[in-house]
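What follows is one structure encoded as structure tokens, with my remarks underneath.
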Amino acid sequence: MTPAAPTVPATTAAAERPTRRRRHGRLLARLAHLVGVLVLVTLAATALVDLLPGSPAATILGPTATAEAIAELEAETGYDRPLPERYATWLGNALTGDLGSSVQSNRPVLEQILDRVPVTLELTVLALVMALAAAVPAALLAAHREGGPADRAATGLASGLLSVPVFVAGVLLIYAFAVVTGWFPVSGWSPLSDGLVDNLAFAFLPALALAIGEAPGFYRLLRGDLVHTLHQDFVRTAEVRGLPRRYVLLRHALRPSSFSLLTVAAMTFGRLLAGSVVVESLFALPGLGALALQAIPARDLPLIQGIVALVAVVYVVVNMVVDAAYAVLDPRVRAA
Amino acid sequence: MSALLEVRDLVKTHRVAAGTVHAVSGVSLRLDAAETLALVGESGCGKSTVGRAILQLPPPDSGRVAFDGTELTTLSRRRMRALRPGLQMVLQDPRAALHPRRRVRGIVAEGLVNARRPKGETAATVDAVLTAVGLDPAQVADRRPEEFSGGQCQRIAIARALAVQPRLLVCDEPVASLDVSVQAQVINLLADLRAERGLAMLFISHDLAVVRTIADRVAVMYLGRVVETGPVAEVYARPRHPYTRALLDSSPVPDPDAPPLGPALSGEVPSPLDPPSGCRFRTRCPLAEARCAAEVPALAEVGAGHRSACHFAADL
Amino acid sequence: MSTGTGTAVATPVAKRRPALWLALGWLGLVVLLALTADLLPLPAPDEPVGAPSLAPFAPDGPLLGTDPIGRSVASRLVHGARLSLLVGLSATLIAAVVGTALGLCAAYLRGAAERVIALVTDSLLAFPPLLVLLALAAVVRPGLTTLAVSLGLLFVPAFTRLSKALAVVEMGREYVLAARVLGASGPRMLTRELLPVCLAPVAAYAVVVLATIMVIEGSLSFLGVGIPPPAASWGSMIAGGKDFLFDAPYLIALPCLAIFATVFALNTAGDWFRGLTARGER
């Protein structure tokens with residue numbers, strides 16, 4: 001059913017009003033969906049405890065625990081309560097900033113998380129910057145002469161690097177740049193407050209390991225987008241008018257192509273935040289991932305639940321914000 | 001005698017990004033056994049939607065569809081499926097309507113297989129219907145649709161519909177995609193089959209000339225509503241709605257000097273996203289007055305079996 | 001998740017691509033070794049067979065050397081391949097079957113079912129994979145089954161999206177409408193009309209997903225929460241060897257090479273396969 005051409009003027013005003021209402025309706029639907037996802041995710045994090053065989057409290061305290069200690073812990077943490085009640089309590093506390101206390105250290109979970117966040121954050125940002133710094137020029141060079149030697153080399157390299165798992169890259173980097181040449185420390189961390197140079201020395205290899213994993217993806221995406229844009233008519237018109245390819249590439253092609261790249265970069269940011277566990281473990285960095293890792297043998301359930309819930313929420317919100325921003329920035333999406 | 005098909009106040013809308021399309025807004029029809037009712041109108045008037053809504057694919061938003069006394073809109077999926085052989089459809093694009101990677105035998109037998117008919121009976125029926133549409137089963141049955149012309153594909157589609165012995169055949173622009181020379185063949189085929197099997201047909205088309213040859217009665221649609229209905233000869237000779245007049249005028253006739261039935265139309269078809277109030281045709285109608293915006297004209301008798309939805313039908 | 005969906009450099013199918021043949025060859029070798037692991041003249045992977053940390057090609061030692069506990073590296077490589085492949089294939093199969101089923105149902109049923117499936121899919125996607133698996137490792141004893149199932153579930157959304165997109169396109173086709181007019185039942189529509197369209201693209205995508213899953217499993221084993229010791233896994237071999245980088249770099253070199261080669265081969269084969277199925281869809 002194809003709606004025909006221009007409507008008779010008397011009806012256009014009426015047609016405009018529903019559009020705004022509809023957009024609000026769609027926004028509300030999206031928000032409802034977002035809330036639904038967040039609820040499901042945090043609920044699942046709370047339900048983790050139910051996967052433990054036997055009493056969670058007994059498992060945490062170990063085989064040497066006394067009956068009183070177990071009962072005390074259960075009363076304290078509420079692990080013996082049914083799931084809906086546990087979730088409601090957790091949610092109520094979480095919304096006021098109380099994520100419980102760690103079983104290992106008795107410190108508040110939120111405090112421990114916030115302690116570690118700066119390290120993971122710095123690592124993630126650095127990795128992202130490195131990846132973009134490598135991917136963007138490479139993609140521009142490759143798209144400049146499609147199918148040429150630069151393109152083939154870069155694309156081949158990207159394919160190869162895509163297949164290198166983070167821990168492999170990390171271990172090889174350590175071997176090459178720390179063990180054999182001694183240019184960088186093998187592991188450890190120096191906080192920013194103790195000096196930028198030291199900090200970067202410790203942060204460089206881990207960030208590079210992460211960047212190696214992400215750069216090929218960015219490269220492929222940007223290259224594909226650039227090539228696609230370059231094939232479009234408006235670019236050919238510009239070239240026919242005598243504009244040099246380089247100018248066209250940077251000025252006309254990069255902008256539309258950078259939208260999708262920004263989106264992917266933002267979403268990767270969320271993913272890196274969660275996935276830096278391996279790198280933090282390998283390089284002994286005091287980050288969020290390492291915290292989660294050490295919570296496992298200790299069965300520190302409040303800590304694990306807090307980390308998973310918080311990271312998942314950040315992840316979901318970042319993705320949603322990116323979606324919304326994309327819709328605002330890219331007029332093509334807005335018109336849809 | 002109760003009708004084979006009774007449609008009452010059919011309404012169908014669908015949401016698109018820009019709003020709600022009011023495809024069908026209160027259509028009522030009636031079809032007796034072995035009768036052919038044509039549904040005509042311009043593209044976008046909702047006639048195809050009516051056809052599909054009758055078959056409940058997808059079901060209408062509101063309204064009643066009674067087939068042989070059974071109300072279809074309230075049936076469960078399973079009960080509806082049991083009735084499906086009685087209501088078949090022939091679509092506009094014959095190539096798109098046949099699965100490209102299957103053989104003709106399998107395509108034509110599809111309805112029978114779904115109804116779990118025994119294999120021997122199915123094979124015999126396939127051969128019989130292929131012959132009935134003018135194709136030789138031995139030549140045709142083991143080939144794929146890509147090996148056939150548009151006209152032949154449409155015959156295969158018709159055979160497929162006939163195999164399950166329908167009582168009502170909904171034809172949605174069945175010849176619009178075919179070459180003019182082939183159109184007549186397919187129309188004649190449909191007329192012959194209809195006579196042989198006592199089929200009732202709902203013939204949806206925008207081509208008035210084709211409709212004249214095959215239909216008993218005609219219903220004219222505009223922007224989701226029926227504006228005129230009656231016996232074909234009567235409506236064509238004495239149209240009692242300004243839109244029908246304009247439609248007939250726009251159809252090429254052999255005599256270029258013959259006077260037009262009425263004044264030409266102005267303006268363009270309004271958008272079904274926001275149809276005009278009252279009579280939907282008023283924005284292009286040479287006879288429009290204030291009353292037309294305020295009051296929706298009802299289908300009223302203007303002759304034997306002839307009804308028109310216009311406030312000024314009597315004056316035409 | 002694999003981000004390798006960018007436009008590949010166009011290559012005609014007929015052209016002999018050495019990379020592709022190498023990839024398929026390596027994969028064939030890995031599969032063969034994994035299948036015949038028990039039949040090969042290799043010592044058990046968890047028993048010491050010689051002096052610890054013997055370099056490969058040493059005059060008296062096993063072919064590829066020994067690890068710090070004296071176990072045969074070659075044997076551990078082969079048995080690691082078997083376990084990684086087992087976990088990877090099971091997880092991929094679970095993800096593909098469950099994901100495709102959900103996607104087809106969402107496309108066919110629409111309405112409320114579609115919304116619920118979208119909610120579940122988005123929620124699954126919201127879980128940062130590694131963290132969730134770590135969390136699971138805290139509550140459930142790590143084992144092959146839990147590993148395969150949890151990895152599989154994490155990748156369900158990817159297949160759901162793919163199959164739903166394909167099925168929605170197919171639902172719009174006229175011959176599918178015709179099938180409904182002719183009385184096809186729901187299950188029949190799903191299996192006869194919608195499923196066949198999904199098979200080739202899903203299979204091609206599964207190859208790439210397998211590569212990603214094997215990397216995640218490798219990471220988990222590297223962290224010590226994947227395939228439980230003393231069973232061998234390439235990831236845990238790398239973890240074990242990283243403290244001996246200076247003296248015995250071969251301890252990490254061999255498993256690193258193995259994992260890289262396998263993942264690269266899977267990605268190459270998967271990309272080519274996907275290019276094939278995309279072309280055939282015209």
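The chains in the structure tokens are called A, B, ... from first to last as shown; in each chain the residues are counted from 1, and the ligands are counted from 1 in the order shown.
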Per DSSP on the backbone, what are the alpha helix (DSSP H) residues of segment 120-247 of chain A, as a compact mmCIF listing (two decimals) with N, CA and C atoms, in the first residue's frame?
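The result, stored in selection10.txt:
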```txt
# COMPACT_ATOMS: atom_id res chain seq x y z
N THR A 120 41.58 0.03 35.47
CA THR A 120 40.94 -0.57 34.32
C THR A 120 40.54 0.49 33.30
N LEU A 121 40.06 1.60 33.81
CA LEU A 121 39.65 2.69 32.92
C LEU A 121 40.82 3.19 32.10
N GLU A 122 41.94 3.44 32.78
CA GLU A 122 43.10 3.96 32.07
C GLU A 122 43.56 2.97 31.01
N LEU A 123 43.59 1.72 31.40
CA LEU A 123 43.99 0.68 30.47
C LEU A 123 43.09 0.67 29.23
N THR A 124 41.80 0.74 29.48
CA THR A 124 40.85 0.69 28.38
C THR A 124 40.99 1.89 27.46
N VAL A 125 41.09 3.07 28.04
CA VAL A 125 41.19 4.27 27.21
C VAL A 125 42.47 4.24 26.38
N LEU A 126 43.56 3.88 27.04
CA LEU A 126 44.83 3.81 26.33
C LEU A 126 44.76 2.81 25.17
N ALA A 127 44.17 1.66 25.44
CA ALA A 127 44.06 0.63 24.40
C ALA A 127 43.23 1.14 23.23
N LEU A 128 42.14 1.80 23.55
CA LEU A 128 41.27 2.33 22.51
C LEU A 128 42.00 3.35 21.66
N VAL A 129 42.72 4.26 22.33
CA VAL A 129 43.47 5.29 21.59
C VAL A 129 44.50 4.65 20.67
N MET A 130 45.24 3.67 21.22
CA MET A 130 46.24 3.00 20.40
C MET A 130 45.61 2.32 19.19
N ALA A 131 44.50 1.65 19.44
CA ALA A 131 43.87 0.91 18.35
C ALA A 131 43.40 1.86 17.26
N LEU A 132 42.78 2.97 17.66
CA LEU A 132 42.32 3.93 16.67
C LEU A 132 43.49 4.56 15.93
N ALA A 133 44.56 4.87 16.69
CA ALA A 133 45.72 5.51 16.08
C ALA A 133 46.34 4.63 15.01
N ALA A 134 46.22 3.33 15.20
CA ALA A 134 46.76 2.42 14.20
C ALA A 134 45.76 2.19 13.07
N ALA A 135 44.50 2.00 13.45
CA ALA A 135 43.51 1.58 12.46
C ALA A 135 43.13 2.69 11.48
N VAL A 136 42.95 3.91 11.98
CA VAL A 136 42.44 4.96 11.10
C VAL A 136 43.40 5.29 9.96
N PRO A 137 44.68 5.59 10.25
CA PRO A 137 45.58 5.86 9.11
C PRO A 137 45.70 4.66 8.17
N ALA A 138 45.75 3.46 8.76
CA ALA A 138 45.88 2.28 7.91
C ALA A 138 44.69 2.16 6.97
N ALA A 139 43.49 2.41 7.51
CA ALA A 139 42.30 2.29 6.68
C ALA A 139 42.29 3.35 5.59
N LEU A 140 42.70 4.57 5.96
CA LEU A 140 42.74 5.64 4.96
C LEU A 140 43.72 5.29 3.84
N LEU A 141 44.89 4.80 4.24
CA LEU A 141 45.88 4.42 3.24
C LEU A 141 45.35 3.31 2.34
N ALA A 142 44.69 2.34 2.96
CA ALA A 142 44.21 1.20 2.18
C ALA A 142 43.12 1.63 1.22
N ALA A 143 42.21 2.46 1.70
CA ALA A 143 41.09 2.87 0.85
C ALA A 143 41.55 3.82 -0.25
N HIS A 144 42.64 4.54 0.02
CA HIS A 144 43.16 5.49 -0.95
C HIS A 144 43.43 4.82 -2.29
N PRO A 149 49.07 -2.42 -3.08
CA PRO A 149 49.95 -3.16 -2.15
C PRO A 149 49.68 -2.78 -0.69
N ALA A 150 49.45 -1.48 -0.42
CA ALA A 150 49.18 -1.08 0.96
C ALA A 150 47.90 -1.75 1.46
N ASP A 151 46.90 -1.74 0.62
CA ASP A 151 45.62 -2.33 0.99
C ASP A 151 45.77 -3.81 1.30
N ARG A 152 46.45 -4.52 0.40
CA ARG A 152 46.57 -5.96 0.57
C ARG A 152 47.37 -6.28 1.82
N ALA A 153 48.46 -5.54 2.02
CA ALA A 153 49.30 -5.81 3.19
C ALA A 153 48.52 -5.54 4.47
N ALA A 154 47.88 -4.39 4.53
CA ALA A 154 47.16 -4.03 5.75
C ALA A 154 46.03 -5.01 6.02
N THR A 155 45.28 -5.35 4.98
CA THR A 155 44.15 -6.26 5.18
C THR A 155 44.65 -7.64 5.61
N GLY A 156 45.74 -8.07 5.03
CA GLY A 156 46.29 -9.36 5.42
C GLY A 156 46.73 -9.34 6.87
N LEU A 157 47.41 -8.25 7.24
CA LEU A 157 47.86 -8.14 8.62
C LEU A 157 46.68 -8.13 9.58
N ALA A 158 45.65 -7.41 9.20
CA ALA A 158 44.46 -7.34 10.05
C ALA A 158 43.87 -8.73 10.23
N SER A 159 43.75 -9.48 9.15
CA SER A 159 43.21 -10.83 9.27
C SER A 159 44.04 -11.66 10.23
N GLY A 160 45.35 -11.50 10.11
CA GLY A 160 46.20 -12.27 10.99
C GLY A 160 46.02 -11.88 12.45
N LEU A 161 46.07 -10.56 12.69
CA LEU A 161 45.99 -10.10 14.07
C LEU A 161 44.65 -10.42 14.71
N LEU A 162 43.60 -10.47 13.91
CA LEU A 162 42.28 -10.81 14.43
C LEU A 162 42.29 -12.18 15.09
N VAL A 166 44.06 -12.44 23.02
CA VAL A 166 44.69 -11.41 23.85
C VAL A 166 45.83 -11.98 24.68
N PHE A 167 45.61 -13.16 25.26
CA PHE A 167 46.66 -13.67 26.13
C PHE A 167 47.90 -14.09 25.33
N VAL A 168 47.69 -14.52 24.10
CA VAL A 168 48.85 -14.85 23.25
C VAL A 168 49.62 -13.58 22.94
N ALA A 169 48.88 -12.54 22.53
CA ALA A 169 49.55 -11.28 22.23
C ALA A 169 50.32 -10.79 23.46
N GLY A 170 49.67 -10.86 24.62
CA GLY A 170 50.31 -10.38 25.84
C GLY A 170 51.59 -11.12 26.14
N VAL A 171 51.49 -12.44 26.08
CA VAL A 171 52.67 -13.25 26.40
C VAL A 171 53.81 -13.00 25.42
N LEU A 172 53.47 -12.89 24.15
CA LEU A 172 54.51 -12.63 23.15
C LEU A 172 55.13 -11.25 23.35
N LEU A 173 54.28 -10.27 23.69
CA LEU A 173 54.80 -8.92 23.93
C LEU A 173 55.76 -8.92 25.12
N ILE A 174 55.36 -9.65 26.16
CA ILE A 174 56.23 -9.72 27.32
C ILE A 174 57.56 -10.33 26.92
N LEU A 196 53.81 10.21 35.61
CA LEU A 196 53.25 9.79 34.34
C LEU A 196 54.15 8.79 33.62
N VAL A 197 55.45 9.07 33.63
CA VAL A 197 56.35 8.22 32.84
C VAL A 197 56.34 6.79 33.37
N ASP A 198 56.44 6.66 34.68
CA ASP A 198 56.41 5.32 35.28
C ASP A 198 55.09 4.63 34.96
N ASN A 199 54.03 5.41 35.09
CA ASN A 199 52.71 4.86 34.86
C ASN A 199 52.60 4.32 33.44
N LEU A 200 53.05 5.13 32.48
CA LEU A 200 52.96 4.69 31.09
C LEU A 200 53.86 3.49 30.83
N ALA A 201 54.98 3.44 31.49
CA ALA A 201 55.88 2.30 31.29
C ALA A 201 55.18 1.00 31.63
N PHE A 202 54.43 1.03 32.73
CA PHE A 202 53.72 -0.19 33.13
C PHE A 202 52.47 -0.43 32.31
N ALA A 203 51.88 0.67 31.84
CA ALA A 203 50.61 0.53 31.13
C ALA A 203 50.78 0.18 29.66
N PHE A 204 51.97 0.45 29.12
CA PHE A 204 52.13 0.36 27.68
C PHE A 204 51.86 -1.03 27.12
N LEU A 205 52.59 -2.03 27.62
CA LEU A 205 52.43 -3.36 27.06
C LEU A 205 51.02 -3.93 27.23
N PRO A 206 50.43 -3.82 28.42
CA PRO A 206 49.05 -4.32 28.54
C PRO A 206 48.08 -3.64 27.57
N ALA A 207 48.19 -2.30 27.47
CA ALA A 207 47.29 -1.60 26.56
C ALA A 207 47.54 -2.05 25.13
N LEU A 208 48.81 -2.25 24.79
CA LEU A 208 49.12 -2.70 23.44
C LEU A 208 48.53 -4.06 23.16
N ALA A 209 48.60 -4.94 24.16
CA ALA A 209 48.03 -6.28 23.98
C ALA A 209 46.54 -6.18 23.66
N LEU A 210 45.84 -5.32 24.38
CA LEU A 210 44.41 -5.14 24.12
C LEU A 210 44.19 -4.50 22.75
N ALA A 211 45.03 -3.52 22.43
CA ALA A 211 44.85 -2.79 21.18
C ALA A 211 45.02 -3.72 19.98
N ILE A 212 45.98 -4.64 20.09
CA ILE A 212 46.22 -5.58 18.99
C ILE A 212 44.96 -6.37 18.69
N GLY A 213 44.18 -6.64 19.71
CA GLY A 213 42.95 -7.39 19.50
C GLY A 213 41.84 -6.56 18.87
N GLU A 214 41.83 -5.27 19.14
CA GLU A 214 40.71 -4.44 18.67
C GLU A 214 41.00 -3.73 17.36
N ALA A 215 42.27 -3.36 17.14
CA ALA A 215 42.60 -2.57 15.94
C ALA A 215 42.16 -3.22 14.64
N PRO A 216 42.37 -4.52 14.45
CA PRO A 216 41.97 -5.10 13.16
C PRO A 216 40.48 -4.93 12.88
N GLY A 217 39.67 -5.07 13.93
CA GLY A 217 38.24 -4.90 13.74
C GLY A 217 37.91 -3.49 13.28
N PHE A 218 38.50 -2.51 13.94
CA PHE A 218 38.27 -1.12 13.55
C PHE A 218 38.73 -0.90 12.12
N TYR A 219 39.91 -1.42 11.83
CA TYR A 219 40.47 -1.22 10.50
C TYR A 219 39.51 -1.74 9.44
N ARG A 220 39.06 -2.99 9.63
CA ARG A 220 38.17 -3.59 8.63
C ARG A 220 36.91 -2.78 8.44
N LEU A 221 36.35 -2.37 9.56
CA LEU A 221 35.09 -1.63 9.50
C LEU A 221 35.28 -0.32 8.77
N LEU A 222 36.31 0.43 9.16
CA LEU A 222 36.51 1.74 8.56
C LEU A 222 36.87 1.60 7.08
N ARG A 223 37.73 0.64 6.78
CA ARG A 223 38.12 0.45 5.39
C ARG A 223 36.90 0.10 4.54
N GLY A 224 36.10 -0.81 5.05
CA GLY A 224 34.90 -1.20 4.30
C GLY A 224 33.98 -0.02 4.07
N ASP A 225 33.79 0.76 5.11
CA ASP A 225 32.93 1.93 5.00
C ASP A 225 33.49 2.95 4.03
N LEU A 226 34.79 3.22 4.13
CA LEU A 226 35.42 4.20 3.25
C LEU A 226 35.29 3.75 1.79
N VAL A 227 35.59 2.50 1.56
CA VAL A 227 35.51 2.00 0.19
C VAL A 227 34.10 2.13 -0.34
N HIS A 228 33.14 1.78 0.50
CA HIS A 228 31.73 1.89 0.09
C HIS A 228 31.38 3.33 -0.24
N THR A 229 31.80 4.25 0.64
CA THR A 229 31.49 5.67 0.39
C THR A 229 32.19 6.15 -0.86
N LEU A 230 33.43 5.71 -1.07
CA LEU A 230 34.18 6.16 -2.23
C LEU A 230 33.53 5.70 -3.54
N ASP A 233 28.22 7.93 -5.92
CA ASP A 233 28.25 8.91 -7.02
C ASP A 233 28.81 10.26 -6.61
N PHE A 234 28.48 10.69 -5.40
CA PHE A 234 28.88 12.07 -5.07
C PHE A 234 30.39 12.20 -4.98
N VAL A 235 31.05 11.08 -4.67
CA VAL A 235 32.51 11.12 -4.61
C VAL A 235 33.08 11.16 -6.01
N ARG A 236 32.51 10.36 -6.91
CA ARG A 236 33.00 10.36 -8.29
C ARG A 236 32.83 11.74 -8.90
N THR A 237 31.70 12.38 -8.55
CA THR A 237 31.48 13.72 -9.08
C THR A 237 32.58 14.66 -8.60
N ALA A 238 32.93 14.55 -7.33
CA ALA A 238 33.97 15.42 -6.79
C ALA A 238 35.30 15.17 -7.50
N GLU A 239 35.60 13.91 -7.76
CA GLU A 239 36.87 13.60 -8.42
C GLU A 239 36.87 14.10 -9.85
N VAL A 240 35.74 13.95 -10.50
CA VAL A 240 35.66 14.41 -11.89
C VAL A 240 35.88 15.91 -11.96
N ARG A 245 42.30 12.87 -4.90
CA ARG A 245 41.69 11.76 -4.15
C ARG A 245 41.87 11.92 -2.65
N ARG A 246 43.05 12.37 -2.27
CA ARG A 246 43.36 12.51 -0.85
C ARG A 246 42.39 13.48 -0.18
N TYR A 247 42.12 14.58 -0.85
CA TYR A 247 41.21 15.58 -0.31
C TYR A 247 39.81 15.00 -0.17
```
Contact residues (chain C, partner chain B, 9 Å, only C-alpha atoms) as a PyMOL selection string:
chain C and resi 173-185+188
Output N, CA and C atoms for every residue in the selection just made, as a PDB file, in the first residue's frame.
```pdb
ATOM      1  N   ARG C 173       8.045 -13.187   1.242  1.00  0.00           N
ATOM      2  CA  ARG C 173       7.954 -13.664  -0.128  1.00  0.00           C
ATOM      3  C   ARG C 173       6.569 -14.221  -0.438  1.00  0.00           C
ATOM      4  N   GLU C 174       6.195 -14.069  -1.703  1.00  0.00           N
ATOM      5  CA  GLU C 174       4.837 -14.470  -2.086  1.00  0.00           C
ATOM      6  C   GLU C 174       4.611 -15.963  -1.995  1.00  0.00           C
ATOM      7  N   TYR C 175       5.639 -16.751  -2.298  1.00  0.00           N
ATOM      8  CA  TYR C 175       5.382 -18.186  -2.254  1.00  0.00           C
ATOM      9  C   TYR C 175       5.223 -18.680  -0.820  1.00  0.00           C
ATOM     10  N   VAL C 176       5.724 -17.912   0.123  1.00  0.00           N
ATOM     11  CA  VAL C 176       5.485 -18.271   1.522  1.00  0.00           C
ATOM     12  C   VAL C 176       4.043 -17.946   1.890  1.00  0.00           C
ATOM     13  N   LEU C 177       3.549 -16.813   1.420  1.00  0.00           N
ATOM     14  CA  LEU C 177       2.133 -16.502   1.609  1.00  0.00           C
ATOM     15  C   LEU C 177       1.274 -17.591   0.977  1.00  0.00           C
ATOM     16  N   ALA C 178       1.662 -18.011  -0.218  1.00  0.00           N
ATOM     17  CA  ALA C 178       0.911 -19.062  -0.909  1.00  0.00           C
ATOM     18  C   ALA C 178       0.884 -20.329  -0.066  1.00  0.00           C
ATOM     19  N   ALA C 179       2.000 -20.642   0.573  1.00  0.00           N
ATOM     20  CA  ALA C 179       2.043 -21.849   1.402  1.00  0.00           C
ATOM     21  C   ALA C 179       1.017 -21.772   2.516  1.00  0.00           C
ATOM     22  N   ARG C 180       0.865 -20.584   3.091  1.00  0.00           N
ATOM     23  CA  ARG C 180      -0.120 -20.443   4.156  1.00  0.00           C
ATOM     24  C   ARG C 180      -1.528 -20.567   3.623  1.00  0.00           C
ATOM     25  N   VAL C 181      -1.764 -19.984   2.441  1.00  0.00           N
ATOM     26  CA  VAL C 181      -3.091 -20.113   1.833  1.00  0.00           C
ATOM     27  C   VAL C 181      -3.420 -21.580   1.612  1.00  0.00           C
ATOM     28  N   LEU C 182      -2.400 -22.370   1.287  1.00  0.00           N
ATOM     29  CA  LEU C 182      -2.624 -23.785   1.003  1.00  0.00           C
ATOM     30  C   LEU C 182      -2.667 -24.629   2.264  1.00  0.00           C
ATOM     31  N   GLY C 183      -2.674 -23.977   3.426  1.00  0.00           N
ATOM     32  CA  GLY C 183      -2.927 -24.720   4.649  1.00  0.00           C
ATOM     33  C   GLY C 183      -1.699 -25.273   5.351  1.00  0.00           C
ATOM     34  N   ALA C 184      -0.527 -24.705   5.113  1.00  0.00           N
ATOM     35  CA  ALA C 184       0.657 -25.212   5.819  1.00  0.00           C
ATOM     36  C   ALA C 184       0.552 -24.873   7.300  1.00  0.00           C
ATOM     37  N   SER C 185       0.873 -25.835   8.153  1.00  0.00           N
ATOM     38  CA  SER C 185       0.814 -25.600   9.596  1.00  0.00           C
ATOM     39  C   SER C 185       2.073 -24.875  10.053  1.00  0.00           C
ATOM     40  N   ARG C 188       5.286 -26.836   9.925  1.00  0.00           N
ATOM     41  CA  ARG C 188       5.649 -27.076   8.538  1.00  0.00           C
ATOM     42  C   ARG C 188       6.253 -25.823   7.918  1.00  0.00           C
TER      43      ARG C 188
END
```
Could you pull the residues within 6 Å of segment 179-188 of chain A, counting only C-alpha atoms, minus those fewer than 5 positions along the same chain, as number ranges by chain?
A: 283-285
Save out the residues we just selected, all heavy atoms, as a compact mmCIF listing (two decimals), in the first residue's frame.
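For reference, again-v5.txt as written:
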```txt
# COMPACT_ATOMS: atom_id res chain seq x y z
N PHE A 283 49.57 -9.28 33.51
CA PHE A 283 50.53 -8.24 33.85
C PHE A 283 50.44 -7.83 35.31
O PHE A 283 51.06 -6.85 35.72
CB PHE A 283 50.29 -7.01 32.97
CG PHE A 283 50.68 -7.21 31.54
CD1 PHE A 283 49.77 -7.68 30.62
CD2 PHE A 283 51.97 -6.92 31.11
CE1 PHE A 283 50.12 -7.87 29.29
CE2 PHE A 283 52.33 -7.10 29.78
CZ PHE A 283 51.41 -7.58 28.88
N ALA A 284 49.66 -8.56 36.10
CA ALA A 284 49.52 -8.28 37.53
C ALA A 284 49.11 -6.83 37.78
O ALA A 284 49.78 -6.09 38.51
CB ALA A 284 50.82 -8.61 38.26
N LEU A 285 48.05 -6.40 37.13
CA LEU A 285 47.57 -5.04 37.32
C LEU A 285 46.43 -5.04 38.32
O LEU A 285 45.55 -5.88 38.26
CB LEU A 285 47.06 -4.47 35.99
CG LEU A 285 48.04 -4.53 34.81
CD1 LEU A 285 47.35 -4.07 33.54
CD2 LEU A 285 49.26 -3.69 35.10
```
Segment 224-238 of chain C: which residues within 7 Å, counting only C-alpha atoms, same-chain residues fewer than 4 positions away excluded, as a ChimeraX atom specification?
/C:45-46,76-77,79-80,83-84,137,142-144,217-220,242,252,255,259
What are the nearest atom pairs, with distances in Å to one decimal, for all residues of chain B that come at most 9 Å from chain A, using only C-alpha atoms, set out by chain and rising residue number as a tab-separated table?
```
residue	atom	partner	partner_atom	distance
B:Ala17	CA	A:Ala336	CA	7.1
B:Ala18	CA	A:Thr19	CA	6.8
B:Gly19	CA	A:Thr19	CA	7.0
B:Val21	CA	A:Pro3	CA	8.1
B:Ala23	CA	A:Met1	CA	7.3
B:Ser43	CA	A:Met1	CA	7.6
B:Gly44	CA	A:Met1	CA	5.0
B:Cys45	CA	A:Met1	CA	7.9
B:Gly46	CA	A:Met1	CA	7.2
B:Ser48	CA	A:Met1	CA	8.8
B:Thr49	CA	A:Met1	CA	8.4
B:Gly267	CA	A:Val8	CA	8.2
B:Glu268	CA	A:Ala5	CA	7.3
B:Val269	CA	A:Ala4	CA	6.2
B:Pro270	CA	A:Thr7	CA	5.2
B:Ser271	CA	A:Pro3	CA	5.1
B:Pro272	CA	A:Pro3	CA	5.9
B:Leu273	CA	A:Pro3	CA	7.1
B:Asp274	CA	A:Ala15	CA	6.6
B:Pro275	CA	A:Thr11	CA	8.2
B:Pro276	CA	A:Thr11	CA	7.5
B:Thr283	CA	A:Val8	CA	7.6
```
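Comparing A:Leu52, A:Leu291, A:Ile70, A:Ala298 by their smallest distance to chain C, the closest is A:Leu52 (using only C-alpha atoms).
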With a distance cut-off of 12 Å and only C-alpha atoms, select the neighbouring residues of Leu51 of chain A, excluding the residue or stretch itself and same-chain residues fewer than 2 positions from it, and output the selection as a ChimeraX atom specification.
/A:44-49,53-56,59,79,83,301 /C:135-141,146
Please list as a PyMOL selection string every residue within 10 Å of segment 156-168 of chain C, counting only C-alpha atoms and excluding residues in the same chain fewer than 5 positions away.
chain C and resi 1+91-108+110+114+117-118+120-125+151+173+190+193-199+201-202+205-206+209
One decimal place gives the atom CA of Leu248 of chain B-atom CA of Leu168 of chain B separation as 27.4 Å
Can you list, as number ranges by chain, all residues belonging to segment 2-187 of chain B that DSSP tags as strand (DSSP E or B)?
B: 5-16, 19-31, 36-40, 62-67, 70-71, 87-90, 168-172
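Distance check against chain C using only C-alpha atoms: of A:Gly242, A:Gly147, A:Pro118, A:Gly195, the minimum falls on A:Gly147.
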Skip segment 96-110 of chain A itself and residues of its chain fewer than 6 positions away, then list as JSON, numbers by chain all residues within 10 Å of it, counting only C-alpha atoms.
{"A": [60, 61, 73, 77, 90, 294, 295, 298, 299, 300, 301, 302, 303, 304, 305, 306, 307, 309, 310]}
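Closest to Val180 of chain B among B:Leu202, B:Val11, B:Val210, B:Val226 is B:Val210, based on only C-alpha atoms.
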